[in-house]
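Read through the structure below, which is laid out as structure tokens, and then see the notes.
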Protein chains: 2
Amino acid sequence: MIAFDFCTPTEYVFGPDVENHAGQLIVSRMGARKVLVVSGGSSAERSGLLGRIRQSLTEAGVDFVELTGIQPNPTADEVRRGIALCRAEGVDGLLAVGGGSVIDAAKAMAGGALYDGDFWDFWTGKARMTQALPVGVVLTIAAAGSEGSGNSVITNEVTGQKISLRTNILRPRFSLLNPTLTMTLPPYQTACGITDMMAHIMERYFSNTPDCQVTDSLLEGLLRAIIDVAPKAMLHPDDYQARANLMWAGTMAHNGICGVGRQEEWTCHALEHELSALDPRIAHGAGLAVVFPAWLSYVSAANPGKVEQFARNVFGAADAPAGIAALRAFFTSIGMPQTLGELGLNATDIPRLVANLIALKGTPLGFYHPLTSADLTALYHQML
Amino acid sequence: MIAFDFCTPTEYVFGPDVENHAGQLIVSRMGARKVLVVSGGSSAERSGLLGRIRQSLTEAGVDFVELTGIQPNPTADEVRRGIALCRAEGVDGLLAVGGGSVIDAAKAMAGGALYDGDFWDFWTGKARMTQALPVGVVLTIAAAGSEGSGNSVITNEVTGQKISLRTNILRPRFSLLNPTLTMTLPPYQTACGITDMMAHIMERYFSNTPDCQVTDSLLEGLLRAIIDVAPKAMLHPDDYQARANLMWAGTMAHNGICGVGRQEEWTCHALEHELSALDPRIAHGAGLAVVFPAWLSYVSAANPGKVEQFARNVFGAADAPAGIAALRAFFTSIGMPQTLGELGLNATDIPRLVANLIALKGTPLGFYHPLTSADLTALYHQML
């Protein structure tokens, strides 16, 4: 274990109907009087969720304006539109109603609203965020873990960059987790979410930091639990308990408490972000399902230790190849793709993927087994 | 999973020398200018720990007074002495330097200092705590988990009661976790701490709440990790990594994040609290080592399900009796007692133990398998 400084101050309110507490928590946990309610597609409106939230805000005396239509892989332009609205309306907090994209966009608006320059400065490292408007969350997709993290991933359409910022300042003040809200997710999106949360766990798990028995065990346990309940949620979308377990697993996967004290990897996220930066129609989870088993195969030849432990303790497999095969079979069983081809990409895209990745991250990439430019090209080719 | 509302706002700073951040964190996380430094025996003075902390406070411009000598199983009288000191000196925060007893005492002082009546009202349920002075922690014993919890266990010498209060108001603002500080603990105290943290996990694990795959897996993982590293810390007291894993396991065992969404049991703690209330020389962990295997044997006959799962997933044992035997063998291997006799109690004590327990908790006791008065008597007899 290495030294760490960790705090997850988010209040998690979990169970049926918890969205009705939104107004009261905006007052008590955010001290806000007027919020920007940020949401994505039309389903939150059609399902009545936004209506219930409006009622909760009104009953608590919280004024609000709304910004809807945030797209998957939210863009810098959308964030700037939100920041302008925050300033014009003088809001003192934001409520994100949605999944990772909506929450990430709301966080970026919260940080940008209190900054004189362009919010993107924080994402490129040109400036360091020291304050932000408080953010609350009503979660509708179990996947990104943004409801418990200080992360925000934004795509800049102009530069073609997709960058993740992590700062405790952006951790939500509260997150309302109602598993029922996730029951209407299409199977493909449910599967993408399952893959995403597993990837968050594995990015923390594959580390060269020795003597992490406690966090190793916690991360392995999370993976086993997800693998246990995922088929139930896929088969019976309205299985409350399967949805509940997935929702809490997604939060625990990424709020950091199970992964402290160890170097984290995040190479597969970097590899995937280039895919969905190239074609925003590629779902992050689907990209990760292609990337992660290929990366495991590639690095396990050079550094087998942790992959063997993963195979044994997560899948009960005899060796690393068997464990990787089991992971791939699991992803296939929930309808995830195995190849770049299934994502609509081909060999001619690889030079651009590699060039963009190196421009953003440099080489060697990663810690568990650092990858050179040639490695990255070979690895993307193995995904074809 | 059942509905829950959970927040662990404590900032954990973990690693060598972190006690030197005490002063700066008192300012930034507690907003305090003058604190009461609460400690236990003389080892914190002799080792130089208190000296380093004084220097840290001075450098940060934090004024302080000191209260030392808090005993294991802290008493209401000690708490009242601390409350009087807080008021007389006008402190606006407390810093606990020690293990569970010191932290629990400091928390009780923090709650009592802002209350006009007697602090014990909160522990008996006569009053509800709504405010407390902020508390920070420098942890020296990996055991009680009080550094991450809102719990405080106090013994009232007059009434003979030992009662645990749990409220989010008493969660520490920060906890400084330096594994090196635990290296000088005597083996018996290390073993008592290991037993205590395992008991905190098992009290959450043995639940009738169905469909808790995520928290089941996390709790099983914590137990496996502790069982893995504990022999290393017993054999080599200065094994930093073993101490580090135990320290984080102890915090995770009791800050609640791995146990949300399920009914908790806490019968073994109630059974044990009567032992150390009867004879304060009995270490809490040692009492738990006697109580827990006996309770498991007793209840598994009536309700085997979770005990079988525990046996299988924690010890790789074939059935419940084999798992309980493995747990008992583990406790014995680290030097813990197996019987009430080893704790200096005998059959003539049992009527008083049962009477006190029923007076405090009533019957039936527990949820996993509710125990009648006759059950309690039979169960204590099985510990002889």
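Ordering of the structure tokens sets the chain letters (A, B, ...); residue numbers start at 1 within each chain; ligands are numbered from 1 in the order shown.
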
Tell me as an mmCIF file with all heavy atoms, in the first residue's frame which residues belonging to chain A come within 6 Å of chain B, counting only C-alpha atoms.
```cif
data_model
loop_
_atom_site.group_PDB
_atom_site.id
_atom_site.type_symbol
_atom_site.label_atom_id
_atom_site.label_comp_id
_atom_site.auth_asym_id
_atom_site.auth_seq_id
_atom_site.Cartn_x
_atom_site.Cartn_y
_atom_site.Cartn_z
ATOM 1 N N ALA A 3 0.932 5.641 0.345
ATOM 2 C CA ALA A 3 0.235 6.671 1.114
ATOM 3 C C ALA A 3 -0.930 7.243 0.306
ATOM 4 O O ALA A 3 -0.907 7.248 -0.930
ATOM 5 C CB ALA A 3 1.208 7.788 1.486
ATOM 6 N N PHE A 4 -1.967 7.698 0.998
ATOM 7 C CA PHE A 4 -3.087 8.322 0.300
ATOM 8 C C PHE A 4 -3.816 9.309 1.190
ATOM 9 O O PHE A 4 -3.666 9.297 2.419
ATOM 10 C CB PHE A 4 -4.062 7.272 -0.246
ATOM 11 C CG PHE A 4 -4.778 6.441 0.795
ATOM 12 C CD1 PHE A 4 -5.923 6.895 1.409
ATOM 13 C CD2 PHE A 4 -4.302 5.185 1.141
ATOM 14 C CE1 PHE A 4 -6.593 6.129 2.357
ATOM 15 C CE2 PHE A 4 -4.959 4.408 2.099
ATOM 16 C CZ PHE A 4 -6.107 4.885 2.697
ATOM 17 N N ASP A 5 -4.602 10.157 0.540
ATOM 18 C CA ASP A 5 -5.467 11.126 1.212
ATOM 19 C C ASP A 5 -6.818 10.974 0.539
ATOM 20 O O ASP A 5 -6.954 11.236 -0.662
ATOM 21 C CB ASP A 5 -4.899 12.540 1.017
ATOM 22 C CG ASP A 5 -5.659 13.590 1.817
ATOM 23 O OD1 ASP A 5 -6.855 13.396 2.082
ATOM 24 O OD2 ASP A 5 -5.044 14.624 2.148
ATOM 25 N N PHE A 6 -7.813 10.509 1.274
ATOM 26 C CA PHE A 6 -9.073 10.132 0.640
ATOM 27 C C PHE A 6 -10.276 10.633 1.422
ATOM 28 O O PHE A 6 -10.325 10.513 2.642
ATOM 29 C CB PHE A 6 -9.155 8.606 0.513
ATOM 30 C CG PHE A 6 -10.414 8.160 -0.169
ATOM 31 C CD1 PHE A 6 -10.518 8.257 -1.537
ATOM 32 C CD2 PHE A 6 -11.500 7.686 0.559
ATOM 33 C CE1 PHE A 6 -11.686 7.884 -2.190
ATOM 34 C CE2 PHE A 6 -12.668 7.321 -0.081
ATOM 35 C CZ PHE A 6 -12.746 7.417 -1.458
ATOM 36 N N CYS A 7 -11.253 11.148 0.690
ATOM 37 C CA CYS A 7 -12.489 11.612 1.319
ATOM 38 C C CYS A 7 -13.626 11.496 0.316
ATOM 39 O O CYS A 7 -13.522 11.997 -0.808
ATOM 40 C CB CYS A 7 -12.328 13.062 1.774
ATOM 41 S SG CYS A 7 -13.753 13.681 2.677
ATOM 42 N N THR A 8 -14.689 10.810 0.675
ATOM 43 C CA THR A 8 -15.869 10.725 -0.180
ATOM 44 C C THR A 8 -17.068 11.288 0.585
ATOM 45 O O THR A 8 -17.789 10.575 1.274
ATOM 46 C CB THR A 8 -16.149 9.282 -0.668
ATOM 47 O OG1 THR A 8 -17.434 9.242 -1.252
ATOM 48 C CG2 THR A 8 -16.057 8.256 0.439
ATOM 49 N N PRO A 9 -17.253 12.597 0.510
ATOM 50 C CA PRO A 9 -18.251 13.258 1.355
ATOM 51 C C PRO A 9 -19.689 13.171 0.832
ATOM 52 O O PRO A 9 -20.612 13.660 1.474
ATOM 53 C CB PRO A 9 -17.773 14.714 1.340
ATOM 54 C CG PRO A 9 -17.138 14.871 -0.011
ATOM 55 C CD PRO A 9 -16.542 13.533 -0.355
ATOM 56 N N GLU A 11 -23.372 12.290 0.173
ATOM 57 C CA GLU A 11 -24.426 11.562 0.886
ATOM 58 C C GLU A 11 -25.200 10.720 -0.118
ATOM 59 O O GLU A 11 -25.754 11.245 -1.087
ATOM 60 C CB GLU A 11 -25.376 12.533 1.603
ATOM 61 C CG GLU A 11 -26.498 11.800 2.343
ATOM 62 C CD GLU A 11 -27.294 12.682 3.286
ATOM 63 O OE1 GLU A 11 -26.900 13.843 3.491
ATOM 64 O OE2 GLU A 11 -28.318 12.199 3.818
ATOM 65 N N TYR A 12 -25.218 9.412 0.101
ATOM 66 C CA TYR A 12 -25.934 8.491 -0.782
ATOM 67 C C TYR A 12 -27.284 8.150 -0.162
ATOM 68 O O TYR A 12 -27.337 7.599 0.936
ATOM 69 C CB TYR A 12 -25.141 7.193 -0.969
ATOM 70 C CG TYR A 12 -23.742 7.392 -1.518
ATOM 71 C CD1 TYR A 12 -22.628 7.191 -0.710
ATOM 72 C CD2 TYR A 12 -23.528 7.779 -2.838
ATOM 73 C CE1 TYR A 12 -21.338 7.373 -1.203
ATOM 74 C CE2 TYR A 12 -22.243 7.966 -3.337
ATOM 75 C CZ TYR A 12 -21.162 7.766 -2.512
ATOM 76 O OH TYR A 12 -19.889 7.939 -3.000
ATOM 77 N N VAL A 13 -28.354 8.474 -0.879
ATOM 78 C CA VAL A 13 -29.687 8.095 -0.417
ATOM 79 C C VAL A 13 -30.225 7.095 -1.430
ATOM 80 O O VAL A 13 -30.356 7.418 -2.619
ATOM 81 C CB VAL A 13 -30.614 9.313 -0.280
ATOM 82 C CG1 VAL A 13 -31.913 8.906 0.402
ATOM 83 C CG2 VAL A 13 -29.921 10.425 0.509
ATOM 84 N N PHE A 14 -30.482 5.885 -0.967
ATOM 85 C CA PHE A 14 -30.666 4.738 -1.846
ATOM 86 C C PHE A 14 -32.013 4.073 -1.562
ATOM 87 O O PHE A 14 -32.315 3.748 -0.413
ATOM 88 C CB PHE A 14 -29.531 3.745 -1.563
ATOM 89 C CG PHE A 14 -29.427 2.585 -2.521
ATOM 90 C CD1 PHE A 14 -28.441 2.570 -3.502
ATOM 91 C CD2 PHE A 14 -30.285 1.502 -2.432
ATOM 92 C CE1 PHE A 14 -28.317 1.496 -4.379
ATOM 93 C CE2 PHE A 14 -30.180 0.425 -3.309
ATOM 94 C CZ PHE A 14 -29.182 0.429 -4.280
ATOM 95 N N GLY A 15 -32.785 3.827 -2.614
ATOM 96 C CA GLY A 15 -34.032 3.097 -2.439
ATOM 97 C C GLY A 15 -35.118 3.640 -3.349
ATOM 98 O O GLY A 15 -34.909 4.602 -4.100
ATOM 99 N N GLN A 213 -3.584 -6.359 -0.099
ATOM 100 C CA GLN A 213 -4.543 -7.451 0.110
ATOM 101 C C GLN A 213 -5.964 -6.944 0.329
ATOM 102 O O GLN A 213 -6.917 -7.532 -0.174
ATOM 103 C CB GLN A 213 -4.109 -8.304 1.309
ATOM 104 C CG GLN A 213 -2.916 -9.220 1.035
ATOM 105 C CD GLN A 213 -1.585 -8.559 1.347
ATOM 106 O OE1 GLN A 213 -1.465 -7.329 1.386
ATOM 107 N NE2 GLN A 213 -0.566 -9.364 1.569
ATOM 108 N N VAL A 214 -6.110 -5.876 1.106
ATOM 109 C CA VAL A 214 -7.469 -5.408 1.424
ATOM 110 C C VAL A 214 -8.168 -4.898 0.168
ATOM 111 O O VAL A 214 -9.273 -5.323 -0.166
ATOM 112 C CB VAL A 214 -7.439 -4.325 2.526
ATOM 113 C CG1 VAL A 214 -8.802 -3.652 2.659
ATOM 114 C CG2 VAL A 214 -7.045 -4.957 3.852
ATOM 115 N N SER A 217 -8.899 -7.629 -2.386
ATOM 116 C CA SER A 217 -10.064 -8.450 -2.016
ATOM 117 C C SER A 217 -11.372 -7.717 -2.266
ATOM 118 O O SER A 217 -12.356 -8.323 -2.706
ATOM 119 C CB SER A 217 -9.999 -8.831 -0.535
ATOM 120 O OG SER A 217 -8.959 -9.733 -0.313
ATOM 121 N N LEU A 218 -11.379 -6.431 -1.971
ATOM 122 C CA LEU A 218 -12.601 -5.653 -2.188
ATOM 123 C C LEU A 218 -12.910 -5.562 -3.679
ATOM 124 O O LEU A 218 -14.065 -5.729 -4.105
ATOM 125 C CB LEU A 218 -12.451 -4.256 -1.587
ATOM 126 C CG LEU A 218 -12.365 -4.197 -0.055
ATOM 127 C CD1 LEU A 218 -12.000 -2.795 0.409
ATOM 128 C CD2 LEU A 218 -13.681 -4.633 0.572
ATOM 129 N N GLY A 221 -14.087 -8.833 -4.976
ATOM 130 C CA GLY A 221 -15.450 -9.073 -4.493
ATOM 131 C C GLY A 221 -16.480 -8.312 -5.304
ATOM 132 O O GLY A 221 -17.543 -8.845 -5.647
ATOM 133 N N ALA A 225 -19.481 -10.019 -7.531
ATOM 134 C CA ALA A 225 -20.884 -9.677 -7.291
ATOM 135 C C ALA A 225 -21.555 -9.204 -8.584
ATOM 136 O O ALA A 225 -22.691 -9.565 -8.879
ATOM 137 C CB ALA A 225 -20.981 -8.607 -6.205
ATOM 138 N N ASN A 245 -28.252 -4.017 -6.717
ATOM 139 C CA ASN A 245 -26.858 -4.436 -6.562
ATOM 140 C C ASN A 245 -25.968 -3.802 -7.624
ATOM 141 O O ASN A 245 -24.851 -3.354 -7.326
ATOM 142 C CB ASN A 245 -26.755 -5.965 -6.600
ATOM 143 C CG ASN A 245 -26.994 -6.595 -5.236
ATOM 144 O OD1 ASN A 245 -26.096 -6.653 -4.417
ATOM 145 N ND2 ASN A 245 -28.222 -7.037 -4.989
#
```

- Once DSSP has gone over the backbone, tell me which residues of segment 21-270 of chain B are in alpha helix (DSSP H), as a VMD selection string. chain B and resid 22 to 25 43 to 46 49 to 59 76 to 89 100 to 112 120 to 124 187 to 205 213 to 235 240 to 254 267 to 270

- Task: Could you give me the residues within segment 173-212 of chain B that DSSP places in strand (DSSP E), as a ChimeraX atom specification?
- Result: /B:174-177

Residues as selected, N, CA and C atoms, written as a compact mmCIF listing (two decimals), in the first residue's frame, can you do that?
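Once written, selection35.txt looks like this:
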```txt
# COMPACT_ATOMS: atom_id res chain seq x y z
N PHE B 174 -11.53 14.24 10.33
CA PHE B 174 -10.39 13.63 9.65
C PHE B 174 -9.83 12.54 10.54
N SER B 175 -9.14 11.58 9.91
CA SER B 175 -8.43 10.55 10.66
C SER B 175 -7.07 10.34 10.03
N LEU B 176 -6.04 10.46 10.85
CA LEU B 176 -4.67 10.31 10.41
C LEU B 176 -4.23 8.89 10.73
N LEU B 177 -3.95 8.12 9.68
CA LEU B 177 -3.70 6.68 9.82
C LEU B 177 -2.26 6.37 9.42
```

- Message: Neighbouring residues of segment 335-337 of chain B were defined as those with any atom within 12 Å, considering only C-alpha atoms; residues of the same chain fewer than 3 positions away were excluded. Please report them as a PyMOL selection string.
- Response: chain B and resi 186-196+230-231+234-235+282-293+327-332+340-344+383-384

How would the residues just chosen look if you wrote them out with N, CA and C atoms as a tab-separated table (two decimals), in the first residue's frame?
```
chain	number	residue	atom	x	y	z
B	186	PRO	N	1.60	-4.54	21.79
B	186	PRO	CA	1.87	-5.92	22.21
B	186	PRO	C	1.04	-6.91	21.38
B	187	PRO	N	1.55	-8.13	21.19
B	187	PRO	CA	0.84	-9.11	20.35
B	187	PRO	C	-0.62	-9.33	20.77
B	188	TYR	N	-0.86	-9.38	22.09
B	188	TYR	CA	-2.23	-9.64	22.56
B	188	TYR	C	-3.17	-8.53	22.11
B	189	GLN	N	-2.69	-7.28	22.18
B	189	GLN	CA	-3.54	-6.17	21.78
B	189	GLN	C	-3.74	-6.14	20.26
B	190	THR	N	-2.70	-6.51	19.51
B	190	THR	CA	-2.84	-6.63	18.06
B	190	THR	C	-3.92	-7.66	17.73
B	191	ALA	N	-3.86	-8.79	18.42
B	191	ALA	CA	-4.82	-9.87	18.16
B	191	ALA	C	-6.24	-9.46	18.55
B	192	CYS	N	-6.35	-8.74	19.67
B	192	CYS	CA	-7.68	-8.24	20.07
B	192	CYS	C	-8.24	-7.31	19.00
B	193	GLY	N	-7.38	-6.48	18.41
B	193	GLY	CA	-7.82	-5.57	17.36
B	193	GLY	C	-8.28	-6.31	16.12
B	194	ILE	N	-7.53	-7.33	15.74
B	194	ILE	CA	-7.91	-8.15	14.58
B	194	ILE	C	-9.27	-8.78	14.81
B	195	THR	N	-9.47	-9.30	16.02
B	195	THR	CA	-10.75	-9.94	16.35
B	195	THR	C	-11.88	-8.93	16.32
B	196	ASP	N	-11.63	-7.76	16.84
B	196	ASP	CA	-12.66	-6.72	16.89
B	196	ASP	C	-13.08	-6.33	15.48
B	230	ALA	N	-3.09	-11.06	8.87
B	230	ALA	CA	-2.96	-11.08	10.33
B	230	ALA	C	-1.75	-11.88	10.82
B	231	PRO	N	-1.53	-13.11	10.30
B	231	PRO	CA	-0.36	-13.87	10.80
B	231	PRO	C	0.95	-13.14	10.56
B	234	MET	N	1.35	-10.61	13.28
B	234	MET	CA	1.62	-11.27	14.56
B	234	MET	C	3.08	-11.74	14.61
B	235	LEU	N	3.57	-12.26	13.49
B	235	LEU	CA	4.92	-12.82	13.44
B	235	LEU	C	5.97	-11.71	13.37
B	282	ILE	N	-11.42	-7.24	31.01
B	282	ILE	CA	-11.60	-8.08	29.81
B	282	ILE	C	-11.53	-7.20	28.57
B	283	ALA	N	-10.58	-7.52	27.68
B	283	ALA	CA	-10.46	-6.76	26.43
B	283	ALA	C	-11.64	-7.14	25.52
B	284	HIS	N	-12.19	-6.11	24.90
B	284	HIS	CA	-13.36	-6.29	24.03
B	284	HIS	C	-13.10	-7.37	22.97
B	285	GLY	N	-11.93	-7.30	22.33
B	285	GLY	CA	-11.61	-8.27	21.28
B	285	GLY	C	-11.53	-9.69	21.81
B	286	ALA	N	-10.92	-9.84	22.97
B	286	ALA	CA	-10.81	-11.17	23.56
B	286	ALA	C	-12.19	-11.74	23.88
B	287	GLY	N	-13.06	-10.89	24.41
B	287	GLY	CA	-14.43	-11.32	24.69
B	287	GLY	C	-15.14	-11.76	23.41
B	288	LEU	N	-14.94	-11.00	22.34
B	288	LEU	CA	-15.59	-11.33	21.06
B	288	LEU	C	-15.09	-12.67	20.51
B	289	ALA	N	-13.80	-12.98	20.74
B	289	ALA	CA	-13.26	-14.25	20.25
B	289	ALA	C	-13.94	-15.43	20.94
B	290	VAL	N	-14.37	-15.22	22.18
B	290	VAL	CA	-15.10	-16.27	22.90
B	290	VAL	C	-16.55	-16.33	22.41
B	291	VAL	N	-17.14	-15.16	22.25
B	291	VAL	CA	-18.58	-15.08	21.97
B	291	VAL	C	-18.93	-15.52	20.55
B	292	PHE	N	-18.18	-15.03	19.53
B	292	PHE	CA	-18.65	-15.16	18.15
B	292	PHE	C	-18.77	-16.62	17.67
B	293	PRO	N	-17.73	-17.45	17.86
B	293	PRO	CA	-17.88	-18.83	17.41
B	293	PRO	C	-19.03	-19.55	18.12
B	327	LEU	N	-12.77	-20.66	12.02
B	327	LEU	CA	-12.75	-19.35	12.67
B	327	LEU	C	-12.14	-19.46	14.07
B	328	ARG	N	-12.58	-20.50	14.80
B	328	ARG	CA	-12.05	-20.71	16.16
B	328	ARG	C	-10.54	-20.98	16.11
B	329	ALA	N	-10.14	-21.78	15.14
B	329	ALA	CA	-8.71	-22.10	15.01
B	329	ALA	C	-7.91	-20.84	14.67
B	330	PHE	N	-8.51	-19.99	13.83
B	330	PHE	CA	-7.81	-18.74	13.50
B	330	PHE	C	-7.63	-17.88	14.75
B	331	PHE	N	-8.71	-17.72	15.52
B	331	PHE	CA	-8.60	-16.92	16.75
B	331	PHE	C	-7.55	-17.52	17.69
B	332	THR	N	-7.55	-18.83	17.82
B	332	THR	CA	-6.56	-19.48	18.69
B	332	THR	C	-5.14	-19.22	18.17
B	340	LEU	N	-15.04	-18.60	28.49
B	340	LEU	CA	-15.25	-17.61	29.56
B	340	LEU	C	-14.25	-17.84	30.68
B	341	GLY	N	-13.89	-19.10	30.92
B	341	GLY	CA	-12.93	-19.41	31.97
B	341	GLY	C	-11.60	-18.70	31.75
B	342	GLU	N	-11.17	-18.67	30.49
B	342	GLU	CA	-9.90	-17.98	30.20
B	342	GLU	C	-10.02	-16.47	30.45
B	343	LEU	N	-11.24	-15.97	30.45
B	343	LEU	CA	-11.46	-14.54	30.73
B	343	LEU	C	-11.66	-14.29	32.23
B	344	GLY	N	-11.62	-15.38	33.02
B	344	GLY	CA	-11.78	-15.22	34.46
B	344	GLY	C	-13.22	-15.25	34.93
B	383	MET	N	-20.14	-21.21	26.32
B	383	MET	CA	-18.83	-20.53	26.24
B	383	MET	C	-17.91	-20.91	27.40
B	384	LEU	N	-18.45	-21.72	28.36
B	384	LEU	CA	-17.66	-21.97	29.59
B	384	LEU	C	-16.37	-22.74	29.32
```

- Message: When you look at segment 71-85 of chain A with a cut-off of 7 Å (counting only C-alpha atoms), what residues show up, excluding the ones that are within fewer than 4 positions of it in the same chain? I need them as a list in words.
- Response: Gly40, Glu89, Ser101, Ala105, Ala108, Met109, Gly112, Ala113, Ile154, Thr155, Asn156, Glu157 and Pro280 of chain A

Can you spit out the residues from that selection as a PDB file, in the first residue's frame, using N, CA and C atoms?
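Okay, this is what ended up in out_11.pdb:
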```
ATOM      1  N   GLY A  40     -30.705  14.730 -19.897  1.00  0.00           N
ATOM      2  CA  GLY A  40     -30.279  14.267 -21.212  1.00  0.00           C
ATOM      3  C   GLY A  40     -31.434  14.142 -22.187  1.00  0.00           C
ATOM      4  N   GLU A  89     -28.615  33.157 -15.171  1.00  0.00           N
ATOM      5  CA  GLU A  89     -29.730  32.928 -14.240  1.00  0.00           C
ATOM      6  C   GLU A  89     -29.317  33.079 -12.782  1.00  0.00           C
ATOM      7  N   SER A 101     -22.932  10.907 -18.482  1.00  0.00           N
ATOM      8  CA  SER A 101     -22.731  12.056 -19.376  1.00  0.00           C
ATOM      9  C   SER A 101     -23.371  13.317 -18.809  1.00  0.00           C
ATOM     10  N   ALA A 105     -21.248  16.504 -17.408  1.00  0.00           N
ATOM     11  CA  ALA A 105     -21.497  17.832 -17.975  1.00  0.00           C
ATOM     12  C   ALA A 105     -21.856  18.829 -16.877  1.00  0.00           C
ATOM     13  N   ALA A 108     -18.798  19.856 -14.948  1.00  0.00           N
ATOM     14  CA  ALA A 108     -17.951  20.783 -15.704  1.00  0.00           C
ATOM     15  C   ALA A 108     -18.552  22.189 -15.679  1.00  0.00           C
ATOM     16  N   MET A 109     -19.878  22.266 -15.798  1.00  0.00           N
ATOM     17  CA  MET A 109     -20.542  23.569 -15.697  1.00  0.00           C
ATOM     18  C   MET A 109     -20.315  24.173 -14.315  1.00  0.00           C
ATOM     19  N   GLY A 112     -16.813  25.503 -14.192  1.00  0.00           N
ATOM     20  CA  GLY A 112     -16.602  26.611 -15.120  1.00  0.00           C
ATOM     21  C   GLY A 112     -17.336  27.875 -14.737  1.00  0.00           C
ATOM     22  N   ALA A 113     -18.473  27.715 -14.048  1.00  0.00           N
ATOM     23  CA  ALA A 113     -19.303  28.882 -13.740  1.00  0.00           C
ATOM     24  C   ALA A 113     -18.593  29.868 -12.823  1.00  0.00           C
ATOM     25  N   ILE A 154     -15.013  15.082 -20.574  1.00  0.00           N
ATOM     26  CA  ILE A 154     -15.600  15.977 -21.569  1.00  0.00           C
ATOM     27  C   ILE A 154     -14.846  15.822 -22.892  1.00  0.00           C
ATOM     28  N   THR A 155     -15.599  15.888 -23.989  1.00  0.00           N
ATOM     29  CA  THR A 155     -14.998  15.815 -25.320  1.00  0.00           C
ATOM     30  C   THR A 155     -14.966  17.212 -25.941  1.00  0.00           C
ATOM     31  N   ASN A 156     -13.797  17.602 -26.428  1.00  0.00           N
ATOM     32  CA  ASN A 156     -13.666  18.880 -27.127  1.00  0.00           C
ATOM     33  C   ASN A 156     -13.739  18.590 -28.623  1.00  0.00           C
ATOM     34  N   GLU A 157     -14.850  18.967 -29.257  1.00  0.00           N
ATOM     35  CA  GLU A 157     -15.071  18.633 -30.670  1.00  0.00           C
ATOM     36  C   GLU A 157     -14.047  19.306 -31.567  1.00  0.00           C
ATOM     37  N   PRO A 280     -18.411   9.396 -31.934  1.00  0.00           N
ATOM     38  CA  PRO A 280     -19.183   9.571 -30.696  1.00  0.00           C
ATOM     39  C   PRO A 280     -20.370   8.622 -30.578  1.00  0.00           C
TER      40      PRO A 280
END
```

- Task: Name the residues in contact with Thr377 of chain A at a cut-off of 9 Å, using only C-alpha atoms, excluding same-chain residues fewer than 6 positions from it; report them as number ranges by chain.
- Result: A: 350-351, 353-354

- Task: Mind checking which residues fall within 7 Å of segment 126-133 of chain A, counting only C-alpha atoms, ignoring those fewer than 4 positions away in the same chain, and posting them as an MDAnalysis selection string?
- Result: chainID A and resid 92:93 110:111 114 121:122 169:170

- Using only C-alpha atoms, determine which residues lie at most 8 Å from segment 298-302 of chain B, disregarding the query and same-chain residues fewer than 3 positions distant; provide the list as a PyMOL selection string. chain B and resi 294-295+305+307+320+368-369+379

Suppose we keep C-alpha atoms; can you now write the selection as an mmCIF file, in the first residue's frame?
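And here is the file that came out, selection39.cif:
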```
data_model
loop_
_atom_site.group_PDB
_atom_site.id
_atom_site.type_symbol
_atom_site.label_atom_id
_atom_site.label_comp_id
_atom_site.auth_asym_id
_atom_site.auth_seq_id
_atom_site.Cartn_x
_atom_site.Cartn_y
_atom_site.Cartn_z
ATOM 1 C CA ALA B 294 -20.277 -19.895 20.166
ATOM 2 C CA TRP B 295 -23.044 -17.682 18.772
ATOM 3 C CA GLY B 305 -27.879 -20.383 5.299
ATOM 4 C CA VAL B 307 -23.214 -19.489 8.133
ATOM 5 C CA ALA B 320 -21.043 -24.514 8.642
ATOM 6 C CA TYR B 368 -30.607 -13.640 12.351
ATOM 7 C CA HIS B 369 -32.028 -16.003 14.950
ATOM 8 C CA LEU B 379 -25.400 -19.754 24.908
#
```

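Between Asp349 of chain B and the candidates B:Ile163, B:Leu278, B:Val27, B:Leu181, the tightest atom-to-atom separation, counting only C-alpha atoms, involves B:Leu278.
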
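Atom pair atom CA of Trp266 of chain B / atom CA of Leu296 of chain B: separated by 12.5 Å.
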
- Message: Would you compute the distance between atom CA of Ala355 of chain A and atom CA of Phe206 of chain A? Give it in Å to one decimal.
- Response: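 According to the coordinates, atom CA of Ala355 of chain A and atom CA of Phe206 of chain A are separated by 24.9 Å.
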
- Kindly give the distance, in Å, that separates atom CA of Ala32 of chain A and atom CA of Asp63 of chain A, rounded to a single decimal.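 Interatomic distance, atom CA of Ala32 of chain A to atom CA of Asp63 of chain A: 9.1 Å.
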
- Message: Nearest residue to Ser207 of chain B out of B:Arg262, B:His254, B:Arg166, B:Arg171, using only C-alpha atoms?
- Response: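 Closest residue, counting only C-alpha atoms: B:Arg262.
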
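With distances restricted to only C-alpha atoms, A:Ile324 is the closest residue to Arg312 of chain A from A:Gly100, A:Gly362, A:Ile324, A:Arg33.
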
- Return the single residue from A:Ser276, A:Gly23, A:Thr251, A:Gly366 that is closest to Ala142 of chain A, with distances computed using only C-alpha atoms.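 Closest candidate: A:Thr251.
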